[in-house]
$ cat run-v9.cif   # mmCIF, C-alpha atoms
data_final
#
loop_
_atom_site.label_atom_id
_atom_site.label_comp_id
_atom_site.auth_asym_id
_atom_site.auth_seq_id
_atom_site.Cartn_x
_atom_site.Cartn_y
_atom_site.Cartn_z
CA MET A 1 -1.76 -10.52 5.76
CA ASN A 2 -1.72 -8.36 8.86
CA ILE A 3 -1.58 -4.84 7.40
CA LEU A 4 -1.26 -1.49 9.15
CA VAL A 5 -2.41 1.56 7.20
CA ILE A 6 -1.21 4.89 8.55
CA GLY A 7 -3.90 7.27 7.29
CA GLY A 8 -6.42 5.81 4.87
CA THR A 9 -9.56 7.73 5.81
CA ARG A 10 -9.53 10.32 3.00
CA PHE A 11 -9.41 10.41 -0.80
CA PHE A 12 -7.76 7.39 -2.46
CA GLY A 13 -6.82 5.97 0.94
CA ILE A 14 -10.47 4.95 1.27
CA GLN A 15 -10.40 2.98 -1.99
CA MET A 16 -7.13 1.39 -0.92
CA VAL A 17 -8.50 0.20 2.45
CA GLU A 18 -11.69 -1.10 0.83
CA GLU A 19 -9.62 -3.04 -1.72
CA LEU A 20 -7.38 -4.53 0.99
CA VAL A 21 -10.44 -5.65 2.96
CA ASN A 22 -12.02 -7.12 -0.17
CA ARG A 23 -8.81 -9.08 -0.78
CA GLY A 24 -9.20 -10.69 2.64
CA HIS A 25 -6.46 -8.90 4.59
CA ASP A 26 -6.55 -8.09 8.31
CA VAL A 27 -6.41 -4.29 8.21
CA THR A 28 -5.71 -1.83 11.02
CA ILE A 29 -5.95 1.90 10.34
CA ALA A 30 -3.90 4.30 12.45
CA THR A 31 -5.08 7.93 12.46
CA ARG A 32 -5.57 10.93 14.69
CA GLY A 33 -9.21 9.88 15.04
CA ILE A 34 -10.44 13.17 13.59
CA THR A 35 -11.74 12.10 10.17
CA PRO A 36 -14.62 9.60 10.46
CA ASP A 37 -14.61 6.47 8.33
CA HIS A 38 -17.33 4.12 7.10
CA PHE A 39 -15.39 0.86 7.36
CA GLY A 40 -17.37 -0.33 10.38
CA ASN A 41 -16.12 -3.57 11.89
CA LYS A 42 -14.15 -4.45 8.74
CA VAL A 43 -11.01 -2.83 10.20
CA LYS A 44 -9.30 -2.33 13.54
CA ARG A 45 -8.37 1.19 14.66
CA ILE A 46 -5.49 2.85 16.49
CA ILE A 47 -5.56 6.51 17.53
CA PHE A 48 -2.16 8.23 17.63
CA ASN A 49 -0.28 11.39 16.75
CA ARG A 50 2.56 10.71 14.32
CA SER A 51 4.29 13.99 15.18
CA ASP A 52 4.59 12.87 18.83
CA CYS A 53 7.27 10.23 19.44
CA ASP A 54 5.71 9.17 22.75
CA SER A 55 2.36 8.64 21.04
CA ILE A 56 4.05 6.51 18.36
CA ARG A 57 5.80 4.35 20.96
CA LYS A 58 2.61 3.82 22.96
CA ALA A 59 0.65 2.92 19.81
CA PHE A 60 3.10 0.51 18.18
CA ALA A 61 5.59 -0.81 20.71
CA HIS A 62 5.60 -4.64 20.82
CA LYS A 63 3.38 -4.90 17.72
CA HIS A 64 4.32 -6.66 14.49
CA TYR A 65 2.79 -6.16 11.05
CA ASP A 66 3.41 -8.02 7.83
CA VAL A 67 3.05 -4.79 5.86
CA VAL A 68 2.83 -1.12 6.82
CA ILE A 69 1.40 1.31 4.26
CA ASP A 70 2.29 4.86 5.24
CA LYS A 71 -0.07 7.21 3.42
CA ILE A 72 0.85 10.34 5.35
CA ALA A 73 4.64 10.38 5.72
CA TYR A 74 6.05 13.58 4.25
CA CYS A 75 9.57 14.17 5.52
CA SER A 76 12.63 12.30 6.73
CA ASN A 77 11.68 12.73 10.40
CA ASP A 78 8.30 11.13 9.65
CA ILE A 79 10.14 8.10 8.29
CA LYS A 80 12.56 7.94 11.22
CA ASN A 81 9.92 8.33 13.93
CA ILE A 82 7.90 5.43 12.53
CA LEU A 83 10.65 3.00 11.53
CA GLU A 84 12.55 3.38 14.80
CA VAL A 85 9.50 1.93 16.57
CA LEU A 86 7.46 -0.15 14.14
CA ASP A 87 8.29 -3.82 13.59
CA CYS A 88 7.23 -4.87 10.09
CA ASP A 89 8.32 -7.18 7.30
CA ARG A 90 7.66 -4.54 4.65
CA TYR A 91 7.14 -0.78 4.59
CA ILE A 92 5.30 0.95 1.73
CA TYR A 93 5.77 4.70 1.54
CA MET A 94 3.37 6.94 -0.39
CA SER A 95 5.81 9.05 -2.36
CA THR A 96 5.18 11.32 -5.36
CA THR A 97 6.49 12.09 -8.83
CA ALA A 98 7.36 15.51 -7.39
CA VAL A 99 10.68 13.92 -6.34
CA TYR A 100 11.80 14.05 -9.99
CA ASN A 101 13.70 17.25 -10.71
CA PRO A 102 12.53 17.88 -13.28
CA LYS A 103 9.89 15.48 -14.53
CA THR A 104 10.27 14.77 -18.23
CA LEU A 105 8.42 12.98 -20.98
CA ASN A 106 8.58 9.26 -20.18
CA THR A 107 9.84 9.79 -16.62
CA VAL A 108 11.29 6.54 -15.24
CA GLU A 109 12.04 5.54 -11.66
CA GLU A 110 15.81 5.76 -12.17
CA ASP A 111 15.48 9.50 -12.82
CA TYR A 112 15.59 9.97 -9.04
CA ASP A 113 17.75 7.89 -6.72
CA GLY A 114 18.05 8.99 -3.10
CA ARG A 115 21.20 6.96 -2.46
CA GLY A 116 23.47 9.59 -3.97
CA LYS A 117 21.87 12.55 -2.21
CA GLU A 118 22.63 14.36 1.04
CA LEU A 119 20.29 13.45 3.88
CA VAL A 120 18.78 16.21 6.00
CA TRP A 121 16.61 15.25 8.95
CA CYS A 122 13.71 17.64 8.48
CA ASP A 123 10.12 18.33 9.44
CA ARG A 124 7.22 19.15 7.15
CA GLY A 125 7.57 22.89 7.31
CA ASP A 126 11.31 23.02 6.74
CA PHE A 127 11.38 22.89 2.93
CA SER A 128 9.08 22.74 -0.08
CA TYR A 129 6.78 19.75 -0.58
CA SER A 130 9.00 18.22 -3.25
CA ASP A 131 12.14 18.67 -1.12
CA ILE A 132 10.73 17.06 2.00
CA LYS A 133 9.39 14.12 -0.01
CA ARG A 134 12.86 13.67 -1.53
CA GLN A 135 14.37 13.69 1.95
CA ALA A 136 11.96 10.97 3.03
CA GLU A 137 13.19 8.76 0.17
CA ILE A 138 16.81 9.62 0.95
CA ALA A 139 16.26 8.46 4.54
CA LEU A 140 14.88 5.15 3.29
CA SER A 141 17.76 4.72 0.84
CA LYS A 142 20.64 5.62 3.14
CA VAL A 143 19.55 4.81 6.69
CA TYR A 144 16.97 2.04 6.38
CA GLN A 145 18.59 -0.21 3.79
CA ASN A 146 17.80 -3.15 6.09
CA VAL A 147 14.07 -2.42 5.74
CA ASN A 148 12.20 -4.01 2.83
CA TRP A 149 10.67 -0.77 1.55
CA THR A 150 8.73 0.36 -1.49
CA ALA A 151 8.16 3.98 -2.55
CA VAL A 152 5.06 4.41 -4.72
CA ARG A 153 5.28 7.53 -6.87
CA TYR A 154 2.08 9.09 -8.25
CA PRO A 155 1.51 12.28 -10.24
CA VAL A 156 -1.52 14.43 -9.30
CA VAL A 157 -4.41 12.20 -8.24
CA LEU A 158 -7.85 13.26 -9.47
CA GLY A 159 -11.34 12.03 -8.64
CA MET A 160 -14.83 12.95 -7.52
CA ASP A 161 -13.59 12.62 -3.95
CA ASP A 162 -10.63 15.03 -4.40
CA TYR A 163 -11.07 17.35 -1.42
CA THR A 164 -8.46 19.75 -2.86
CA ASN A 165 -10.77 20.56 -5.83
CA ARG A 166 -7.79 21.13 -8.10
CA LEU A 167 -9.45 20.08 -11.35
CA ARG A 168 -12.79 21.50 -10.24
CA PHE A 169 -11.07 24.90 -9.94
CA TYR A 170 -10.89 25.16 -13.74
CA VAL A 171 -14.49 24.06 -14.32
CA ASP A 172 -15.79 26.39 -11.63
CA HIS A 173 -13.87 29.43 -12.88
CA ILE A 174 -14.80 28.84 -16.52
CA ILE A 175 -18.52 28.48 -15.82
CA LYS A 176 -18.64 31.41 -13.40
CA GLY A 177 -16.46 33.65 -15.56
CA VAL A 178 -13.81 34.16 -12.90
CA PRO A 179 -10.41 35.16 -14.39
CA MET A 180 -7.55 32.68 -13.98
CA ASN A 181 -3.79 33.05 -14.16
CA ILE A 182 -2.48 29.93 -15.94
CA ASP A 183 1.19 29.72 -16.89
CA ASN A 184 1.27 26.31 -18.61
CA ALA A 185 -2.01 25.81 -20.49
CA ASP A 186 -0.49 24.06 -23.51
CA LEU A 187 1.85 21.64 -21.74
CA GLN A 188 1.00 17.93 -21.72
CA MET A 189 0.80 16.41 -18.21
CA GLY A 190 -0.08 13.08 -16.64
CA TYR A 191 -2.53 12.16 -13.88
CA ILE A 192 -3.97 9.12 -12.12
CA SER A 193 -7.56 8.53 -10.97
CA SER A 194 -8.23 8.15 -7.24
CA ASP A 195 -9.88 4.77 -7.80
CA GLU A 196 -6.83 3.41 -9.59
CA ALA A 197 -4.43 5.00 -7.11
CA GLY A 198 -6.10 3.11 -4.27
CA LYS A 199 -6.24 -0.18 -6.15
CA PHE A 200 -2.59 -0.06 -7.18
CA LEU A 201 -1.46 0.47 -3.57
CA ALA A 202 -3.47 -2.61 -2.57
CA PHE A 203 -2.00 -4.53 -5.52
CA ILE A 204 1.60 -3.62 -4.68
CA THR A 205 1.04 -4.84 -1.12
CA GLU A 206 0.76 -8.39 -2.45
CA ASN A 207 3.82 -8.11 -4.70
CA ASP A 208 7.25 -8.49 -3.18
CA PHE A 209 8.80 -5.46 -4.86
CA SER A 210 11.48 -3.27 -3.29
CA GLY A 211 12.48 0.23 -4.33
CA ALA A 212 10.62 2.94 -6.20
CA VAL A 213 7.72 2.30 -8.59
CA ASN A 214 5.62 4.71 -10.64
CA GLY A 215 1.86 4.62 -11.00
CA SER A 216 -0.04 6.72 -13.56
CA SER A 217 -2.77 6.56 -16.15
CA HIS A 218 -1.56 6.15 -19.71
CA GLY A 219 -1.35 9.29 -21.80
CA THR A 220 -1.36 13.00 -21.08
CA ILE A 221 -3.63 16.01 -21.49
CA SER A 222 -3.12 19.77 -21.48
CA LEU A 223 -5.08 22.30 -19.49
CA ALA A 224 -6.00 23.90 -22.81
CA GLU A 225 -7.71 20.65 -23.84
CA ILE A 226 -9.52 20.49 -20.52
CA MET A 227 -10.75 24.05 -20.83
CA GLU A 228 -11.83 23.53 -24.45
CA TYR A 229 -13.89 20.52 -23.38
CA VAL A 230 -15.65 22.56 -20.70
CA ASN A 231 -16.23 25.33 -23.26
CA GLN A 232 -17.82 22.89 -25.71
CA LYS A 233 -20.03 21.34 -23.02
CA THR A 234 -21.20 24.60 -21.42
CA GLY A 235 -20.66 27.38 -23.95
CA CYS A 236 -18.56 29.18 -21.32
CA LYS A 237 -15.04 30.29 -22.21
CA GLY A 238 -12.27 30.60 -19.66
CA ILE A 239 -10.82 34.01 -18.94
CA ILE A 240 -7.02 33.76 -18.72
CA THR A 241 -5.12 36.81 -17.53
CA PRO A 242 -2.01 37.46 -15.40
CA ASP A 243 -4.28 39.33 -12.99
CA GLY A 244 -6.51 36.30 -12.45
CA GLU A 245 -6.55 33.85 -9.57
CA ASN A 246 -3.51 31.58 -9.66
CA ALA A 247 -4.45 28.14 -10.99
CA PRO A 248 -3.58 24.92 -9.09
CA PHE A 249 -1.06 23.44 -11.54
CA ASN A 250 0.99 26.54 -12.21
CA GLY A 251 4.71 25.81 -12.26
CA GLU A 252 4.31 22.28 -13.58
CA CYS A 253 6.43 21.25 -16.54
CA GLU A 254 5.50 19.03 -19.47
CA TYR A 255 5.86 15.37 -18.51
CA SER A 256 4.58 11.83 -18.75
CA ILE A 257 5.12 8.96 -16.31
CA ASN A 258 6.54 5.61 -17.37
CA THR A 259 4.78 2.66 -15.68
CA ASP A 260 6.63 -0.26 -17.25
CA LYS A 261 7.78 -1.63 -13.88
CA ALA A 262 4.26 -1.74 -12.48
CA GLU A 263 2.83 -3.21 -15.67
CA LYS A 264 5.44 -5.99 -15.68
CA MET A 265 4.11 -7.00 -12.26
CA GLY A 266 0.68 -7.44 -13.83
CA PHE A 267 -1.14 -4.20 -13.04
CA LYS A 268 -2.86 -2.53 -16.00
CA PHE A 269 -3.41 1.21 -15.77
CA SER A 270 -6.27 2.86 -17.61
CA ASN A 271 -6.01 5.47 -20.34
CA LEU A 272 -6.29 8.99 -18.97
CA LYS A 273 -8.79 10.13 -21.58
CA ASP A 274 -11.09 7.19 -20.79
CA TRP A 275 -12.01 8.75 -17.44
CA ILE A 276 -11.02 12.41 -17.20
CA PHE A 277 -13.87 13.70 -19.39
CA GLU A 278 -16.40 11.81 -17.26
CA LEU A 279 -14.89 13.52 -14.23
CA LEU A 280 -15.22 16.91 -15.94
CA ASP A 281 -18.87 16.09 -16.71
CA TYR A 282 -19.41 15.35 -13.02
CA TYR A 283 -17.99 18.72 -12.00
CA ILE A 284 -20.02 20.51 -14.66
CA GLU A 285 -23.22 18.93 -13.35
CA GLN A 286 -22.30 19.95 -9.80
CA ILE A 287 -21.74 23.59 -10.77
CA VAL A 288 -24.33 24.37 -13.44
#
$ encode --input "run-v9.cif" --output "structure tokens"
Amino acid sequence: MNILVIGGTRFFGIQMVEELVNRGHDVTIATRGITPDHFGNKVKRIIFNRSDCDSIRKAFAHKHYDVVIDKIAYCSNDIKNILEVLDCDRYIYMSTTAVYNPKTLNTVEEDYDGRGKELVWCDRGDFSYSDIKRQAEIALSKVYQNVNWTAVRYPVVLGMDDYTNRLRFYVDHIIKGVPMNIDNADLQMGYISSDEAGKFLAFITENDFSGAVNGSSHGTISLAEIMEYVNQKTGCKGIITPDGENAPFNGECEYSINTDKAEKMGFKFSNLKDWIFELLDYYIEQIV
């Protein structure tokens, strides 16, 4: 297939592009041209600015793609600016489980449906992250019903290549004895590995599925369990105090993500505890 990837040069976008190439697809990546990539001649490249409508028109007018995977759309205006120009048979939007309000144990796709919500055309800075991502899905649901679209919803993605260093924050602060403010240490939460996040996006490209679909590792873990593991491996105990540095996952509720829809298509997600401790070991080795 002729596939356009908007983004794809950082984090799990890299694994996704590599998987698409390995599956034999003709891949074009569209970026600002700022972040270098190592794909070589395996992909084509387009340089554009998605916040500039003229740049979008110049980049994509009179072009057709079988599938567009939009890794970096955040808000409803991002959706509109692309879909008013791009000609494609299918549009895959990288959404998030942050659209669920709230997430719960066994969160299913039907827990959020943009069709019954009020649409606000907004930019990235207009509302919170979760609100602008909801507005992007509302735009798809209410304005672009004629587009064959899929919204892939992930919880927090973790991996050695996570440039946000969210999980590493805990390992680093525990080993260095830096106080942390954590408001939800005992709550069970779900995650997905960056490797699996990239592979599932490539997988869904080849499956004619419309609507929202969850992706997540099986199982949950608490921050308390994570910190106890680091304590056992290093002998260092985390310092938790309201005066400490605010931790990355503060404000999250207890939840798990149901992936029955994805699994019925044939994709098998891993168990969270089969990989997260290896990732913690990697961070420990980097810091000690």
$ atom_distance --input "run-v9.cif" --atom1 "CA of Leu119 in chain A" --atom2 "CA of Arg134 in chain A"
9.2 Å
$ resolve_selection --input "run-v9.cif" --expression "the PyMOL selection byres ((chain A and resi 231) around 12)" --output "list in words"
Tyr170, Val171, Asp172, His173, Ile174, Ile175, Lys176, Gly177, Ala224, Glu225, Ile226, Met227, Glu228, Tyr229, Val230, Gln232, Lys233, Thr234, Gly235, Cys236, Lys237, Gly238, Ile239, Leu280, Asp281 and Ile284 of chain A
$ closest_residue --input "run-v9.cif" --among "A:Ser130, A:Asn258, A:Asn22, A:Asn146" --to "Thr96 in chain A" --atoms "all atoms listed in the file"
A:Ser130
$ resolve_selection --input "run-v9.cif" --expression "the PyMOL selection byres ((chain A and resi 109-112) around 10)" --output "PyMOL selection string"
chain A and resi 97+99-104+106-108+113-117+134+137+152-153+211-214+257-261
$ atom_distance --input "run-v9.cif" --atom1 "CA of Leu158 in chain A" --atom2 "CA of Ile29 in chain A"
22.9 Å
$ atom_distance --input "run-v9.cif" --atom1 "CA of Lys133 in chain A" --atom2 "CA of Ser76 in chain A"
7.7 Å
$ closest_residue --input "run-v9.cif" --among "A:Pro179, A:Glu285, A:Phe127, A:Asp37" --to "Glu245 in chain A" --atoms "only C-alpha atoms"
A:Pro179
$ resolve_selection --input "run-v9.cif" --expression "the PyMOL selection byres ((chain A and resi 24) around 12)" --output "JSON, numbers by chain"
{"A": [1, 2, 3, 17, 18, 19, 20, 21, 22, 23, 25, 26, 27, 42, 43, 202, 206]}
$ decode --input "run-v9.cif" --residues "range 246-278 of chain A" --atoms "N, CA and C atoms" --output "tab-separated table (two decimals), in the first residue's frame"
chain	number	residue	atom	x	y	z
A	246	ASN	N	7.15	17.18	41.76
A	246	ASN	CA	5.93	16.52	41.29
A	246	ASN	C	6.27	15.41	40.29
A	247	ALA	N	5.71	14.23	40.52
A	247	ALA	CA	5.99	13.07	39.70
A	247	ALA	C	5.15	13.08	38.42
A	248	PRO	N	5.62	12.43	37.35
A	248	PRO	CA	4.97	12.50	36.04
A	248	PRO	C	3.52	12.03	36.00
A	249	PHE	N	3.14	11.01	36.76
A	249	PHE	CA	1.81	10.44	36.61
A	249	PHE	C	0.83	10.92	37.68
A	250	ASN	N	1.17	11.99	38.35
A	250	ASN	CA	0.23	12.56	39.32
A	250	ASN	C	-1.09	12.92	38.64
A	251	GLY	N	-2.18	12.68	39.35
A	251	GLY	CA	-3.49	13.00	38.80
A	251	GLY	C	-4.15	11.86	38.07
A	252	GLU	N	-3.38	10.81	37.78
A	252	GLU	CA	-3.98	9.64	37.12
A	252	GLU	C	-4.85	8.87	38.11
A	253	CYS	N	-5.88	8.24	37.57
A	253	CYS	CA	-6.77	7.41	38.38
A	253	CYS	C	-6.38	5.95	38.21
A	254	GLU	N	-7.04	5.08	38.94
A	254	GLU	CA	-6.82	3.64	38.77
A	254	GLU	C	-7.60	3.18	37.54
A	255	TYR	N	-6.94	2.41	36.66
A	255	TYR	CA	-7.61	1.99	35.43
A	255	TYR	C	-6.91	0.80	34.81
A	256	SER	N	-7.61	0.13	33.93
A	256	SER	CA	-7.03	-0.85	33.02
A	256	SER	C	-7.73	-0.68	31.68
A	257	ILE	N	-7.08	-1.12	30.61
A	257	ILE	CA	-7.58	-0.88	29.26
A	257	ILE	C	-7.97	-2.20	28.60
A	258	ASN	N	-9.22	-2.29	28.18
A	258	ASN	CA	-9.72	-3.48	27.52
A	258	ASN	C	-9.28	-3.49	26.05
A	259	THR	N	-8.69	-4.61	25.60
A	259	THR	CA	-8.20	-4.69	24.22
A	259	THR	C	-8.89	-5.81	23.43
A	260	ASP	N	-10.10	-6.16	23.82
A	260	ASP	CA	-10.80	-7.26	23.15
A	260	ASP	C	-10.97	-7.01	21.65
A	261	LYS	N	-11.29	-5.77	21.27
A	261	LYS	CA	-11.49	-5.48	19.84
A	261	LYS	C	-10.23	-5.77	19.04
A	262	ALA	N	-9.10	-5.28	19.54
A	262	ALA	CA	-7.84	-5.49	18.83
A	262	ALA	C	-7.47	-6.96	18.78
A	263	GLU	N	-7.70	-7.66	19.89
A	263	GLU	CA	-7.33	-9.07	19.94
A	263	GLU	C	-8.21	-9.90	19.01
A	264	LYS	N	-9.46	-9.51	18.83
A	264	LYS	CA	-10.34	-10.24	17.90
A	264	LYS	C	-9.87	-10.09	16.46
A	265	MET	N	-9.14	-9.02	16.17
A	265	MET	CA	-8.56	-8.85	14.83
A	265	MET	C	-7.33	-9.73	14.63
A	266	GLY	N	-6.78	-10.24	15.73
A	266	GLY	CA	-5.63	-11.13	15.62
A	266	GLY	C	-4.34	-10.61	16.22
A	267	PHE	N	-4.38	-9.43	16.84
A	267	PHE	CA	-3.16	-8.90	17.45
A	267	PHE	C	-3.10	-9.33	18.92
A	268	LYS	N	-1.96	-9.87	19.33
A	268	LYS	CA	-1.78	-10.33	20.71
A	268	LYS	C	-0.85	-9.40	21.46
A	269	PHE	N	-1.39	-8.72	22.46
A	269	PHE	CA	-0.57	-7.83	23.29
A	269	PHE	C	0.17	-8.64	24.35
A	270	SER	N	1.31	-8.12	24.75
A	270	SER	CA	2.13	-8.78	25.77
A	270	SER	C	1.57	-8.49	27.16
A	271	ASN	N	2.10	-9.20	28.14
A	271	ASN	CA	1.80	-8.91	29.54
A	271	ASN	C	2.74	-7.83	30.04
A	272	LEU	N	2.17	-6.84	30.70
A	272	LEU	CA	2.94	-5.70	31.17
A	272	LEU	C	4.15	-6.12	32.00
A	273	LYS	N	3.96	-7.06	32.90
A	273	LYS	CA	5.04	-7.43	33.81
A	273	LYS	C	6.09	-8.33	33.15
A	274	ASP	N	5.89	-8.67	31.87
A	274	ASP	CA	6.91	-9.41	31.13
A	274	ASP	C	7.98	-8.48	30.58
A	275	TRP	N	7.71	-7.16	30.56
A	275	TRP	CA	8.72	-6.26	29.99
A	275	TRP	C	9.06	-5.05	30.87
A	276	ILE	N	8.18	-4.66	31.78
A	276	ILE	CA	8.44	-3.41	32.50
A	276	ILE	C	9.62	-3.52	33.46
A	277	PHE	N	9.86	-4.69	34.03
A	277	PHE	CA	10.98	-4.83	34.95
A	277	PHE	C	12.31	-4.81	34.19
A	278	GLU	N	12.32	-5.34	32.97
A	278	GLU	CA	13.51	-5.24	32.13
A	278	GLU	C	13.81	-3.78	31.80
